[in-house]
Amino acid sequence: MRAPDTLVMSVSNMSCASCAGRVDKALRQLPGVLAVDVNLATETAQVTYTPDLASRADFIAASTAAGYAAQEHSEDSHGQVQARKQQLAEAYGRRSRLAAFLAAPVIILGMGGHILPGFERLIADVIGQKANWIIQCIFATAVLFGPGLDFYRRGFPALWRGAPDMNSLVALGTGAAYAFSLIATFLPQVLPEGVSGVYYEPASLIVVLILFGRDLENRAKGRTGKAIQSLLGLRVKTAQVRRAGEFVDCPIEEIVVGDVLSLRPGERVAVDGVVHEGSSYIDESMITGEPRPVEKSTGAALTAGTVNGMGHVIYEARRVGHDTTLSQIIQLVEQAQGAKLPIKALVDRLTLWFVPMVLTLAFVTVTVWMIWGPAPALPYALVAGVCVLIIACPCAMGLATPTSIMVGTGRAAEMGVLFRKGDALQLLADVDVIAFDKTGTLTRGQPVLTDLDVADGLGRRAALQVMASVEQGSDHPIARAIVMAAAEEGLDLLPIQDGQTYAGLGLSAHVAGEEVILGTERFMRERGIDVKGYHGSAEALASQGKSVIFAARAGQVIALAGVSDALKPSTQGAIARLKAAGITVVMLTGDRRDAALQIAADLGIDQVHAELLPADKSRVLAELKTKARQSAFVGDGINDAPALAAADIGIALGTGTDVAVESADIVLMSGDLLGVVNAIEMSRLTLRNIKQNLFWAFGYNVALIPVAAGALYPAFGMLLSPILAAAAMALSSIFVLANALRLRYVRAAR
């Protein structure tokens with residue numbers, strides 16, 4: 001049997017949580033389904049299934065048959081969805097304006113008496129009540145079956161299928177008010193005695209308000225996808241590619257691995273590649289979050305979507321199309337925005353039955369008013385029933401969770417934090433223990449020269465120049481640290497002769513005719529060189545976890561150097577912020593215990609586990625998990641992959657290996673550890689935002705459905721107007737969207 005496959009579909013026509021629930025139900029009925037996630041905010045459905053039992057076409061057909069047209073989601077689908085949202089917003093804008101224009105006479109004739117004393121009597125004297133109602137009927141009909149026709153065209157078929165949605169509630173509510181008014185206008189004799197009055201203005205105004213609300217809602221939903229739009233905007237359409245010895249403009253789709261491209265000043269990098277010729281500074285801020293441009297020269301990696309500075313670079317394509325880092329980031333963000341958090345699963349189960357429950361409540365409301373309501377009971381029953389149908393539309397409930405996820409993960413991506421797995425967004429909010437790998441995570445991952453104690457009579461630059469000259473041919477990390485330090489100070493390396501390496505001890509060479517020896521204290525003693533005067537300094541450096549290197553010339557020590565893997569600039573600030581947030585910080589490392597303890601003391605780390613093998617890290621994490629609500633591990637290397645997978649939440653640095661990134665739940669695009677702080681902050685703020693939205697959405701319905709049904713009438717003689725019910729329903733969705741959009745303005749830790 002073939003391995004499970006995943007299909008992501010773009011689904012249209014979903015207007016509320018019940019719509020999403022119907023699509024979910026239709027997809028789950030097919031054989032071989034392992035998991036389904038329908039997202040109202042992103043208008044997508046993700047299905048994991050067994051290919052031997054069902055095909056992609058089967059799921060597309062099932063969604064379409066349920067009344068929600070679907071197609072396979074592609075990299076360009078987001079742009080299509082955003083364009084459709086924009087078109088919908090514009091269409092609803094036009095329809096709401098037309099509906100308002102047509103409803104104006106109805107509102108003036110029907111409600112003018114409430115605003116201008118004597119207006120109602122004037123109209124009755126001039127044209128008469130019958131003519132007044134007929135004029136209202138004409139314009140109300142134009143509103144309901146013009147701009148408002150879509151509610152009936154979708155709502156009633158959904159009702160007949162046994163899958164009522166928001167459109168069904170609107171269609172039933174306004175349709176009932178309109179039908180009653182028609183009878184009162186043209187066949188009043190069939191109504192009970194004493195029952196009179198029409199409801200053209202509530203029916204018309206409800207349509208106007210809901211169309212206006214949907215206009216605002218679609219505009220707001222369009223803004224929730226800003227992060228993806230920004231990422232899509234980084235893609236280039238053409239690039240200069242070498243063909244037959246000349247550089248010509250070539251569509252991005254035609255570029256293949258191995259092509260040679262030209263990158264001119266100010267242009268975006270078209271595909272992932274490696275510099276062949278030239279050098280420049282590249283702005284990678286949109287990918288990594290790093291604000292400063294990065295120098296790129298021969299052999300350096302380039303990332304698609306980043307911006308070239310003033311230099312001209314020739315580079316070779318290494319990853320193209322869907323394999324580029326930018327495309328993978330877009331895919332990860334889309335997956336995160338469509339994620340199904342544990343809290344969302346509960347909401348989905350509730351909303352699936354919500355509309356049938358509302359229909360039942362509306363029926364019960366009408367029945368109660370007809371039996372126990374004051375005379376004439378029918379108008380009271382009609383108003384209360386319509387209010388229940390209108391006010392309970394579940395738009396806000398359907399948008400509460402996905403919009404917060406969409407905006408939160410999008411803003412996180414702009415900060416350089418990618419949530420690869422949806423549940424990590426919720427779990428990270430409760431993390432109280434974070435374990436860090438040391439080398440390459442807390443530290444730079446490459447040794448640097450930190451100390452240089454020079455003998456009397458010899459300048460620092462001269463000693464460093466001699467040492468770097470001897471080390472220039474070595475690939476040892478310590479040698480690279482010394483050579484790099486000399487390069488940073490602009491020192492030219494001197495020619496050497498008779499260079500020799502002594503494994504595990506050091507090396508020697510002749511510089512300007514004199515033998516220079518570099519190495520350990522043991523190597524110096526073996527060569528008969530007295531190091532007593534530097535013994536205390538050497539012990540002090542070693543106690544700090546630094547590697548100690550002696551340099552001697554003509555049998556005399558000329559310098560003592562300390563080399564260590566320096567902390568990243570952001571490490572101290574990130575650890576301090578995590579501890580201030582009440583999180584226990586742990587270090588896991590394979591390095592020597594004394595070096596680990598020194599770094600832990602400098603940073604204020606709570607626990608240290610040193611001299612660990614990769615399997616030992618997983619064991620320690622398993623122990624930590626038993627004592628924590630949620631634990632996380634941050635790492636970057638191949639040896640960190642098992643630990644990343646073993647933790648509740650694995651956080652990988654994007655600067656690390658592909659294996660580590662693939663094993664993680666969250667990826668930090670840069671090596672900046674403040675990304676951990678940003679990830680936790682976005683997780684907590686997003687979850688808080690979801691809870692606020694759910695409280696509003698459910699609290700709104702719990703509080704207002706009884707009011708709509710007439711619960712206040714016995715005590716206060718108050719009955720909610722259908723117009724106010726429509727306004728409250730529209731405002732509930734707008735409130736949820738506006739609250740979610742606040743996440744766009746969260747500031748990254750710096």
# chains A, B, ... in the order shown; residues from 1 in each chain; ligands from 1

$ select_by_dssp --residues "segment 278-321 of chain A" --states "helix (DSSP H, G or I)" --output "number ranges by chain"
A: 285-288, 321

$ residues_around --residues "Lys691 of chain A" --least-positions-apart "4" --cutoff "12 Å" --atoms "only C-alpha atoms" --output "list of chain:residue names"
A:Ile343, A:Lys344, A:Val347, A:Met397, A:Ala400, A:Thr401, A:Pro402, A:Ser404, A:Ile405, A:Gln426, A:Arg684, A:Leu685, A:Thr686, A:Leu687, A:Phe695, A:Trp696, A:Ala697, A:Phe698, A:Gly699, A:Val736, A:Asn739, A:Ala740

$ closest_residue --among "A:Leu612, A:Val190, A:Val313, A:Leu428" --to "Ala643 of chain A" --atoms "only C-alpha atoms"
A:Leu612

$ closest_residue --among "A:Leu205, A:Ala703, A:Ile252, A:Ala509" --to "Leu724 of chain A" --atoms "only C-alpha atoms"
A:Leu205

$ residues_around --residues "segment 274-288 of chain A" --least-positions-apart "4" --cutoff "6 Å" --atoms "only C-alpha atoms" --output "compact mmCIF listing (two decimals) with N, CA and C atoms, in the first residue's frame"
# COMPACT_ATOMS: atom_id res chain seq x y z
N PRO A 293 22.79 44.53 5.78
CA PRO A 293 23.18 43.76 4.58
C PRO A 293 24.38 42.88 4.88
N VAL A 294 24.45 41.75 4.17
CA VAL A 294 25.50 40.76 4.39
C VAL A 294 26.43 40.74 3.18
N GLU A 295 27.74 40.75 3.45
CA GLU A 295 28.70 40.73 2.35
C GLU A 295 28.71 39.35 1.69
N LYS A 296 28.69 39.34 0.36
CA LYS A 296 28.71 38.10 -0.41
C LYS A 296 29.83 38.19 -1.45
N SER A 297 30.70 37.17 -1.45
CA SER A 297 31.77 37.09 -2.45
C SER A 297 31.82 35.67 -2.96
N THR A 298 32.85 35.35 -3.71
CA THR A 298 32.95 34.04 -4.36
C THR A 298 32.74 32.90 -3.36
N GLY A 299 31.82 31.99 -3.70
CA GLY A 299 31.52 30.84 -2.85
C GLY A 299 30.39 31.05 -1.88
N ALA A 300 29.94 32.28 -1.72
CA ALA A 300 28.86 32.58 -0.77
C ALA A 300 27.51 32.19 -1.35
N ALA A 301 26.60 31.79 -0.47
CA ALA A 301 25.25 31.37 -0.89
C ALA A 301 24.34 32.57 -1.03
N LEU A 302 23.49 32.55 -2.05
CA LEU A 302 22.48 33.57 -2.28
C LEU A 302 21.10 32.95 -2.15
N THR A 306 16.11 37.95 -1.96
CA THR A 306 16.93 38.96 -1.29
C THR A 306 17.37 40.01 -2.31
N VAL A 307 17.78 41.19 -1.80
CA VAL A 307 18.03 42.34 -2.68
C VAL A 307 19.52 42.66 -2.74
N ASN A 308 20.04 42.79 -3.96
CA ASN A 308 21.44 43.14 -4.16
C ASN A 308 21.67 44.62 -3.89
N GLY A 309 22.88 44.92 -3.42
CA GLY A 309 23.26 46.31 -3.19
C GLY A 309 23.82 46.93 -4.45
N GLY A 311 26.90 46.22 -5.87
CA GLY A 311 27.86 45.41 -6.62
C GLY A 311 27.21 44.60 -7.73
N VAL A 313 27.19 40.80 -9.48
CA VAL A 313 27.55 39.43 -9.11
C VAL A 313 27.11 38.46 -10.21
N ILE A 314 27.96 37.49 -10.49
CA ILE A 314 27.60 36.36 -11.37
C ILE A 314 27.45 35.14 -10.46
N TYR A 315 26.30 34.45 -10.57
CA TYR A 315 26.10 33.30 -9.68
C TYR A 315 25.46 32.13 -10.42
N GLU A 316 25.64 30.95 -9.83
CA GLU A 316 25.11 29.71 -10.42
C GLU A 316 23.87 29.26 -9.67
N GLY A 416 10.88 36.43 10.98
CA GLY A 416 11.84 35.37 10.74
C GLY A 416 11.56 34.10 11.51
N MET A 669 14.67 31.72 10.97
CA MET A 669 15.39 31.89 9.71
C MET A 669 16.80 32.43 9.90
N SER A 670 17.06 33.13 10.98
CA SER A 670 18.42 33.60 11.25
C SER A 670 18.92 32.88 12.50

$ closest_residue --among "A:Tyr200, A:Val126, A:Lys625, A:Pro157" --to "Pro105 of chain A" --atoms "only C-alpha atoms"
A:Tyr200

$ residues_around --residues "segment 518-523 of chain A" --least-positions-apart "5" --cutoff "10 Å" --atoms "only C-alpha atoms" --output "PyMOL selection string"
chain A and resi 467+470-471+479+501-502+504-509+528-532+534-535+538+547-553+557+559-561

$ closest_residue --among "A:Gly385, A:Pro379, A:Gly536, A:Gly499" --to "Thr365 of chain A" --atoms "only C-alpha atoms"
A:Gly385

$ residues_around --residues "Ile255 of chain A" --least-positions-apart "4" --cutoff "8 Å" --atoms "only C-alpha atoms" --output "list in words"
Val241, Cys250, Pro251, Asp259, Ala317 and Val320 of chain A

$ residues_around --residues "Ile210 of chain A" --least-positions-apart "6" --cutoff "12 Å" --atoms "only C-alpha atoms" --output "ChimeraX atom specification"
/A:15,92-93,95-97,99-100,144,147-148,150-151,166-167,169-171,174,202-204,216-217,390-391,393,395,722-734

$ write_last_selection --atoms "N, CA and C atoms" --output "tab-separated table (two decimals), in the first residue's frame"
chain	number	residue	atom	x	y	z
A	15	SER	N	-19.08	30.83	3.64
A	15	SER	CA	-19.41	32.13	4.22
A	15	SER	C	-19.44	32.11	5.74
A	92	TYR	N	-19.49	43.22	-2.97
A	92	TYR	CA	-20.35	43.52	-1.83
A	92	TYR	C	-20.47	45.02	-1.61
A	93	GLY	N	-19.41	45.75	-1.89
A	93	GLY	CA	-19.48	47.20	-1.78
A	93	GLY	C	-20.51	47.77	-2.75
A	95	ARG	N	-22.99	46.13	-4.19
A	95	ARG	CA	-24.33	45.64	-3.84
A	95	ARG	C	-24.88	46.35	-2.61
A	96	SER	N	-24.02	46.62	-1.62
A	96	SER	CA	-24.51	47.31	-0.42
A	96	SER	C	-24.93	48.74	-0.75
A	97	ARG	N	-24.18	49.41	-1.64
A	97	ARG	CA	-24.56	50.78	-2.02
A	97	ARG	C	-25.87	50.79	-2.81
A	99	ALA	N	-28.22	48.46	-2.64
A	99	ALA	CA	-29.28	48.08	-1.70
A	99	ALA	C	-29.68	49.27	-0.83
A	100	ALA	N	-28.68	50.06	-0.39
A	100	ALA	CA	-28.99	51.22	0.44
A	100	ALA	C	-29.81	52.25	-0.35
A	144	LEU	N	-34.46	42.88	-2.04
A	144	LEU	CA	-34.30	41.46	-1.69
A	144	LEU	C	-33.94	40.60	-2.89
A	147	PRO	N	-29.85	43.14	-5.11
A	147	PRO	CA	-28.59	42.95	-4.38
A	147	PRO	C	-28.63	41.79	-3.39
A	148	GLY	N	-29.84	41.49	-2.85
A	148	GLY	CA	-29.92	40.43	-1.84
A	148	GLY	C	-30.26	39.06	-2.38
A	150	ASP	N	-28.56	36.76	-3.75
A	150	ASP	CA	-27.59	35.70	-3.46
A	150	ASP	C	-27.92	34.96	-2.17
A	151	PHE	N	-28.48	35.66	-1.18
A	151	PHE	CA	-28.86	35.00	0.07
A	151	PHE	C	-29.88	33.89	-0.18
A	166	MET	N	-25.26	30.26	6.99
A	166	MET	CA	-25.61	31.64	7.29
A	166	MET	C	-26.61	32.20	6.29
A	167	ASN	N	-26.40	31.89	5.01
A	167	ASN	CA	-27.32	32.38	3.99
A	167	ASN	C	-28.74	31.88	4.25
A	169	LEU	N	-30.09	31.27	7.18
A	169	LEU	CA	-30.68	32.04	8.27
A	169	LEU	C	-31.17	33.41	7.78
A	170	VAL	N	-30.35	34.08	6.96
A	170	VAL	CA	-30.74	35.38	6.43
A	170	VAL	C	-31.96	35.23	5.52
A	171	ALA	N	-31.92	34.22	4.65
A	171	ALA	CA	-33.02	34.01	3.72
A	171	ALA	C	-34.32	33.72	4.46
A	174	THR	N	-35.39	37.21	6.56
A	174	THR	CA	-35.92	38.29	5.71
A	174	THR	C	-37.10	37.79	4.88
A	202	PRO	N	-37.55	46.46	7.92
A	202	PRO	CA	-36.55	45.59	8.54
A	202	PRO	C	-35.93	44.61	7.55
A	203	ALA	N	-36.76	44.02	6.70
A	203	ALA	CA	-36.24	43.05	5.71
A	203	ALA	C	-35.23	43.72	4.79
A	204	SER	N	-35.54	44.94	4.34
A	204	SER	CA	-34.63	45.66	3.43
A	204	SER	C	-33.35	46.07	4.14
A	216	LEU	N	-17.05	44.92	4.55
A	216	LEU	CA	-15.98	45.20	5.52
A	216	LEU	C	-15.23	43.93	5.89
A	217	GLU	N	-15.96	42.82	6.04
A	217	GLU	CA	-15.35	41.55	6.43
A	217	GLU	C	-14.37	41.08	5.37
A	390	ILE	N	-31.44	36.02	12.58
A	390	ILE	CA	-30.45	36.97	12.08
A	390	ILE	C	-29.27	37.12	13.03
A	391	ILE	N	-29.56	37.26	14.32
A	391	ILE	CA	-28.50	37.59	15.27
A	391	ILE	C	-27.55	36.43	15.53
A	393	CYS	N	-26.21	34.27	13.35
A	393	CYS	CA	-25.36	33.80	12.25
A	393	CYS	C	-23.94	33.53	12.76
A	395	CYS	N	-20.90	33.56	11.75
A	395	CYS	CA	-19.70	34.05	11.06
A	395	CYS	C	-18.56	34.26	12.04
A	722	PRO	N	-35.35	43.64	14.49
A	722	PRO	CA	-34.55	42.86	13.53
A	722	PRO	C	-33.42	43.68	12.93
A	723	ILE	N	-33.64	45.00	12.82
A	723	ILE	CA	-32.58	45.86	12.26
A	723	ILE	C	-31.37	45.88	13.19
A	724	LEU	N	-31.63	46.03	14.48
A	724	LEU	CA	-30.53	46.00	15.44
A	724	LEU	C	-29.86	44.63	15.48
A	725	ALA	N	-30.65	43.57	15.31
A	725	ALA	CA	-30.09	42.22	15.27
A	725	ALA	C	-29.12	42.08	14.11
A	726	ALA	N	-29.50	42.60	12.93
A	726	ALA	CA	-28.63	42.52	11.75
A	726	ALA	C	-27.35	43.32	11.98
A	727	ALA	N	-27.49	44.50	12.57
A	727	ALA	CA	-26.31	45.33	12.82
A	727	ALA	C	-25.36	44.64	13.81
A	728	ALA	N	-25.93	44.04	14.86
A	728	ALA	CA	-25.11	43.36	15.86
A	728	ALA	C	-24.40	42.16	15.24
A	729	MET	N	-25.09	41.42	14.37
A	729	MET	CA	-24.47	40.25	13.73
A	729	MET	C	-23.29	40.68	12.86
A	730	ALA	N	-23.48	41.74	12.06
A	730	ALA	CA	-22.40	42.22	11.20
A	730	ALA	C	-21.22	42.72	12.04
A	731	LEU	N	-21.52	43.45	13.11
A	731	LEU	CA	-20.46	44.00	13.95
A	731	LEU	C	-19.66	42.92	14.67
A	732	SER	N	-20.30	41.79	14.98
A	732	SER	CA	-19.57	40.72	15.68
A	732	SER	C	-18.44	40.17	14.83
A	733	SER	N	-18.69	39.97	13.54
A	733	SER	CA	-17.63	39.47	12.65
A	733	SER	C	-16.54	40.52	12.47
A	734	ILE	N	-16.96	41.78	12.32
A	734	ILE	CA	-15.97	42.85	12.13
A	734	ILE	C	-15.11	42.98	13.37

$ closest_residue --among "A:Ala396, A:Thr403, A:Gly675, A:Ala455" --to "Phe735 of chain A" --atoms "only C-alpha atoms"
A:Ala396

$ atom_distance --atom1 "atom CA of Met14 of chain A" --atom2 "atom CA of Val208 of chain A"
20.1 Å

$ select_by_dssp --residues "segment 293-507 of chain A" --states "strand (DSSP E or B)" --output "MDAnalysis selection string"
chainID A and resid 294:296 301:302 307:308 313:319 417:419 433:437 443 448:454 496:502 506:507
